[in-house]
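Below is one structure, written out as structure tokens, with a few remarks after it.
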Amino acid sequence: MAINGDYGFGTSFALTAGKNYPMSRITTAILMLVAFTTAIAQQKVDASLIIKKINEGQAVSYENTIIEGDLDFNHLDNSEREHSPFDWFNANNTIESTVQKSIRFVGCTFTGDVIAYENEEWDNDTFIAHFRGDVIFQDCLFKGKAAFKYSEFARLADFSGSTFNRDVNFKYAEFSEAPTFAKVQFKDDVDFKYTEFPRGTSFERASFQGFANFKYAKFRTPLNISQIAFDGHEDFKYTEVDGRSFTSYLISKRDH
């Protein structure tokens with residue numbers, strides 16, 4: 001077996017079976033190969049470049065990438081300001097942006113916040129981002145906060161296998177297709193209050209370590225909550241599944 005190549009470290013090497021090489025030389029070659037592989041796997045991109053692509057109307061797709069800085073969907077070029085007809089002084093405005101194409105992140109790390117909702121208290125402006133294409137965040141690590149309050153997801157929303165280290169907000173979010181939060185780890189508080197989930201939603205093997213707020217949320221069956229785990233506190237007050245209480249749903253599921 002032979003491993004040949006110039007791996008960008010200023011050295012070419014070849015290891016060929018049948019020849020004796022000092023162990024130190026073999027070890028160095030292996031370490032160089034590992035370093036090269038790691039460098040490829042850990043490519044970095046600034047969040048502003050992703051927003052630039054979205055503004056240009058492109059779909060975005062990244063794998064095994066470190067996204068540096070806040071990924072802010074709230075200030076796209078297509079942002080529109082909605083004035084309240086009852087606000088004569090325009091003191092309370094909603095500015096909405098729309099991500100028109102699909103976004104896909106697999107095995108990525110987000111070093112900053114992922115922002116699709118923000119309220120600026122000093123001028124009462126509220127920023128909301130909506131998504132018209134698929135929204136894929138599979139096996140990702142969110143080191144900062146994630147906010148999708150009031151966001152509308154017109155197609156698939158897949159957060160499966162991801163880890164959220166800080167607060168997550170999906171309050172009032174609207175899903176046209178069943179979202180999947182399978183195997184997601186919520187390490188801090190998460191808010192799904194008033195969220196309505198379509199048929200087929202999955203929280204299979206999801207874990208909640210902080211406060212999980214599902215108050216007033218509505219689910220429709222089939223619903224997959226197999227092996228879901230709550231290690232913190234949770235609130236399912238007024239939560240419904242097919243129009244009945246969440247507690248009644250759990251009891252009927254247990255009886256079957």
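Labeling convention for the structure tokens: chains A, B, ... as they appear, residues from 1 per chain, ligands from 1 in order of appearance.
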
Which range 100-149 of chain A residues have any atom within 10 Å of an atom of range 44-50 of chain A, and for each, what is the nearest pair of atoms with distance in Å to one decimal, counting only C-alpha atoms, rows sorted by chain and number, as a tab-separated table?
```
residue	atom	partner	partner_atom	distance
A:Ile103	CA	A:Ile50	CA	9.6
A:Cys108	CA	A:Lys44	CA	9.6
A:Thr109	CA	A:Lys44	CA	9.3
A:Phe110	CA	A:Ala47	CA	8.8
A:Thr111	CA	A:Ala47	CA	9.6
A:Gly112	CA	A:Ala47	CA	8.9
A:Val114	CA	A:Ala47	CA	9.5
```

For all heavy atoms, I'd like the residues from the last selection saved as a short mmCIF file (atom, residue, chain, number, x, y, z; two decimals), in the first residue's frame.
```cif
data_model
loop_
_atom_site.label_atom_id
_atom_site.label_comp_id
_atom_site.auth_asym_id
_atom_site.auth_seq_id
_atom_site.Cartn_x
_atom_site.Cartn_y
_atom_site.Cartn_z
N ILE A 103 -32.15 26.86 2.69
CA ILE A 103 -30.88 26.96 3.41
C ILE A 103 -30.61 25.59 4.04
O ILE A 103 -31.49 24.96 4.60
CB ILE A 103 -30.90 28.07 4.47
CG1 ILE A 103 -32.02 27.85 5.49
CG2 ILE A 103 -31.04 29.44 3.81
CD1 ILE A 103 -31.99 28.84 6.65
N CYS A 108 -22.60 21.74 11.02
CA CYS A 108 -21.98 23.06 11.15
C CYS A 108 -21.99 23.56 12.59
O CYS A 108 -22.81 23.13 13.41
CB CYS A 108 -22.69 24.07 10.25
SG CYS A 108 -22.51 23.73 8.48
N THR A 109 -21.10 24.48 12.87
CA THR A 109 -21.03 25.13 14.19
C THR A 109 -21.27 26.62 14.01
O THR A 109 -20.64 27.27 13.19
CB THR A 109 -19.66 24.91 14.84
OG1 THR A 109 -19.46 23.51 15.08
CG2 THR A 109 -19.57 25.65 16.17
N PHE A 110 -22.21 27.15 14.80
CA PHE A 110 -22.53 28.57 14.75
C PHE A 110 -21.96 29.22 16.00
O PHE A 110 -22.41 28.97 17.11
CB PHE A 110 -24.05 28.77 14.66
CG PHE A 110 -24.66 28.18 13.42
CD1 PHE A 110 -25.06 26.85 13.39
CD2 PHE A 110 -24.79 28.95 12.27
CE1 PHE A 110 -25.60 26.29 12.24
CE2 PHE A 110 -25.33 28.40 11.12
CZ PHE A 110 -25.73 27.07 11.10
N THR A 111 -20.96 30.06 15.81
CA THR A 111 -20.28 30.66 16.96
C THR A 111 -21.07 31.80 17.57
O THR A 111 -20.94 32.10 18.76
CB THR A 111 -18.89 31.19 16.56
OG1 THR A 111 -19.05 32.25 15.60
CG2 THR A 111 -18.04 30.07 15.96
N GLY A 112 -21.89 32.48 16.77
CA GLY A 112 -22.70 33.59 17.26
C GLY A 112 -24.16 33.20 17.36
O GLY A 112 -24.51 32.01 17.37
N VAL A 114 -28.11 32.92 16.03
CA VAL A 114 -28.87 32.73 14.80
C VAL A 114 -30.19 33.47 15.00
O VAL A 114 -31.00 33.10 15.85
CB VAL A 114 -29.10 31.25 14.49
CG1 VAL A 114 -29.96 31.09 13.24
CG2 VAL A 114 -27.75 30.54 14.30
#
```

Would you list the contacts of Ser79 in chain A as a list in words, taking every protein, DNA or RNA residue within 8 Å and counting only C-alpha atoms, but skipping same-chain residues closer than 3 positions in sequence?
Asn74, His75, Leu76, Ile95, Glu96, Ser97 and Thr98 of chain A

Would you mind exporting all heavy atoms of the selected residues as a PDB file, in the first residue's frame?
```pdb
ATOM      1  N   ASN A  74     -32.717  39.004   9.713  1.00  0.00           N
ATOM      2  CA  ASN A  74     -33.730  40.045   9.901  1.00  0.00           C
ATOM      3  C   ASN A  74     -33.547  41.295   9.043  1.00  0.00           C
ATOM      4  O   ASN A  74     -34.464  42.110   8.956  1.00  0.00           O
ATOM      5  CB  ASN A  74     -33.763  40.492  11.366  1.00  0.00           C
ATOM      6  CG  ASN A  74     -34.498  39.496  12.237  1.00  0.00           C
ATOM      7  OD1 ASN A  74     -35.364  38.774  11.770  1.00  0.00           O
ATOM      8  ND2 ASN A  74     -34.142  39.441  13.509  1.00  0.00           N
ATOM      9  N   HIS A  75     -32.389  41.456   8.437  1.00  0.00           N
ATOM     10  CA  HIS A  75     -32.129  42.703   7.717  1.00  0.00           C
ATOM     11  C   HIS A  75     -31.772  42.418   6.252  1.00  0.00           C
ATOM     12  O   HIS A  75     -30.811  42.973   5.728  1.00  0.00           O
ATOM     13  CB  HIS A  75     -31.016  43.483   8.401  1.00  0.00           C
ATOM     14  CG  HIS A  75     -31.335  43.829   9.832  1.00  0.00           C
ATOM     15  ND1 HIS A  75     -32.123  44.899  10.179  1.00  0.00           N
ATOM     16  CD2 HIS A  75     -30.983  43.212  10.988  1.00  0.00           C
ATOM     17  CE1 HIS A  75     -32.235  44.953  11.500  1.00  0.00           C
ATOM     18  NE2 HIS A  75     -31.553  43.944  12.016  1.00  0.00           N
ATOM     19  N   LEU A  76     -32.573  41.575   5.623  1.00  0.00           N
ATOM     20  CA  LEU A  76     -32.330  41.265   4.220  1.00  0.00           C
ATOM     21  C   LEU A  76     -32.741  42.439   3.338  1.00  0.00           C
ATOM     22  O   LEU A  76     -33.466  43.341   3.764  1.00  0.00           O
ATOM     23  CB  LEU A  76     -33.118  40.014   3.818  1.00  0.00           C
ATOM     24  CG  LEU A  76     -32.814  38.722   4.595  1.00  0.00           C
ATOM     25  CD1 LEU A  76     -33.666  37.574   4.050  1.00  0.00           C
ATOM     26  CD2 LEU A  76     -31.335  38.373   4.517  1.00  0.00           C
ATOM     27  N   ILE A  95     -40.931  44.829  10.912  1.00  0.00           N
ATOM     28  CA  ILE A  95     -40.127  44.747   9.689  1.00  0.00           C
ATOM     29  C   ILE A  95     -39.888  43.269   9.394  1.00  0.00           C
ATOM     30  O   ILE A  95     -39.294  42.551  10.206  1.00  0.00           O
ATOM     31  CB  ILE A  95     -38.786  45.493   9.835  1.00  0.00           C
ATOM     32  CG1 ILE A  95     -39.031  46.980  10.100  1.00  0.00           C
ATOM     33  CG2 ILE A  95     -37.938  45.322   8.580  1.00  0.00           C
ATOM     34  CD1 ILE A  95     -39.153  47.358  11.547  1.00  0.00           C
ATOM     35  N   GLU A  96     -40.389  42.813   8.254  1.00  0.00           N
ATOM     36  CA  GLU A  96     -40.324  41.398   7.915  1.00  0.00           C
ATOM     37  C   GLU A  96     -39.397  41.148   6.721  1.00  0.00           C
ATOM     38  O   GLU A  96     -39.470  41.843   5.706  1.00  0.00           O
ATOM     39  CB  GLU A  96     -41.719  40.861   7.618  1.00  0.00           C
ATOM     40  CG  GLU A  96     -42.654  40.925   8.820  1.00  0.00           C
ATOM     41  CD  GLU A  96     -44.042  40.407   8.508  1.00  0.00           C
ATOM     42  OE1 GLU A  96     -44.843  41.194   7.956  1.00  0.00           O
ATOM     43  OE2 GLU A  96     -44.318  39.227   8.812  1.00  0.00           O
ATOM     44  N   SER A  97     -38.549  40.143   6.863  1.00  0.00           N
ATOM     45  CA  SER A  97     -37.669  39.699   5.782  1.00  0.00           C
ATOM     46  C   SER A  97     -38.082  38.287   5.361  1.00  0.00           C
ATOM     47  O   SER A  97     -38.683  37.544   6.148  1.00  0.00           O
ATOM     48  CB  SER A  97     -36.206  39.684   6.236  1.00  0.00           C
ATOM     49  OG  SER A  97     -35.753  40.977   6.553  1.00  0.00           O
ATOM     50  N   THR A  98     -37.743  37.912   4.141  1.00  0.00           N
ATOM     51  CA  THR A  98     -38.095  36.587   3.646  1.00  0.00           C
ATOM     52  C   THR A  98     -36.896  35.930   2.977  1.00  0.00           C
ATOM     53  O   THR A  98     -36.319  36.486   2.032  1.00  0.00           O
ATOM     54  CB  THR A  98     -39.255  36.654   2.636  1.00  0.00           C
ATOM     55  OG1 THR A  98     -40.382  37.285   3.253  1.00  0.00           O
ATOM     56  CG2 THR A  98     -39.653  35.251   2.193  1.00  0.00           C
TER      57      THR A  98
END
```

Test item: residues at most 6 Å from range 228-231 of chain A, only C-alpha atoms, excluding those fewer than 2 positions along its chain, as number ranges by chain:
A: 204-209, 225-226

Would you work out the distance separating CA of Gln100 in chain A from CA of Ser176 in chain A, expressed in Å to one decimal?
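Those two atoms sit 15.1 Å apart.
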
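The space between CA of Thr180 in chain A and CA of Ser162 in chain A spans 10.7 Å.
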
To test your reading of the structure, identify every residue in range 35-156 of chain A that backbone DSSP assigns to alpha helix (DSSP H), and report it as a PyMOL selection string.
chain A and resi 35-41+47-55

Mind checking which residues fall within 10 Å of Pro179 in chain A, counting only C-alpha atoms, ignoring those fewer than 6 positions away in the same chain, and posting them as a PyMOL selection string?
chain A and resi 135+153+155-160+197-203

Looking only at the backbone, which of the residues in range 208-252 of chain A does DSSP tag as strand (DSSP E or B), as a ChimeraX atom specification?
/A:208,212-213,218-219,224,229-230,234-235,240-241,244-245

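When only C-alpha atoms are used to measure the gap to Gln185 in chain A, the shortest distance among A:Cys140, A:Ala129, A:Leu223, A:Ala217 belongs to A:Cys140.
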
In terms of only C-alpha atoms, the residue from A:His130, A:Lys215, A:Arg220, A:Arg254 at minimal distance from Ile115 in chain A is A:His130

Pick out the residues sitting within 8 Å of Ala154 in chain A, and hand them over as a VMD selection string; count only C-alpha atoms, and ignore anything fewer than 2 positions along from it in its own chain.
chain A and resid 131 to 134 152 156 175 to 177
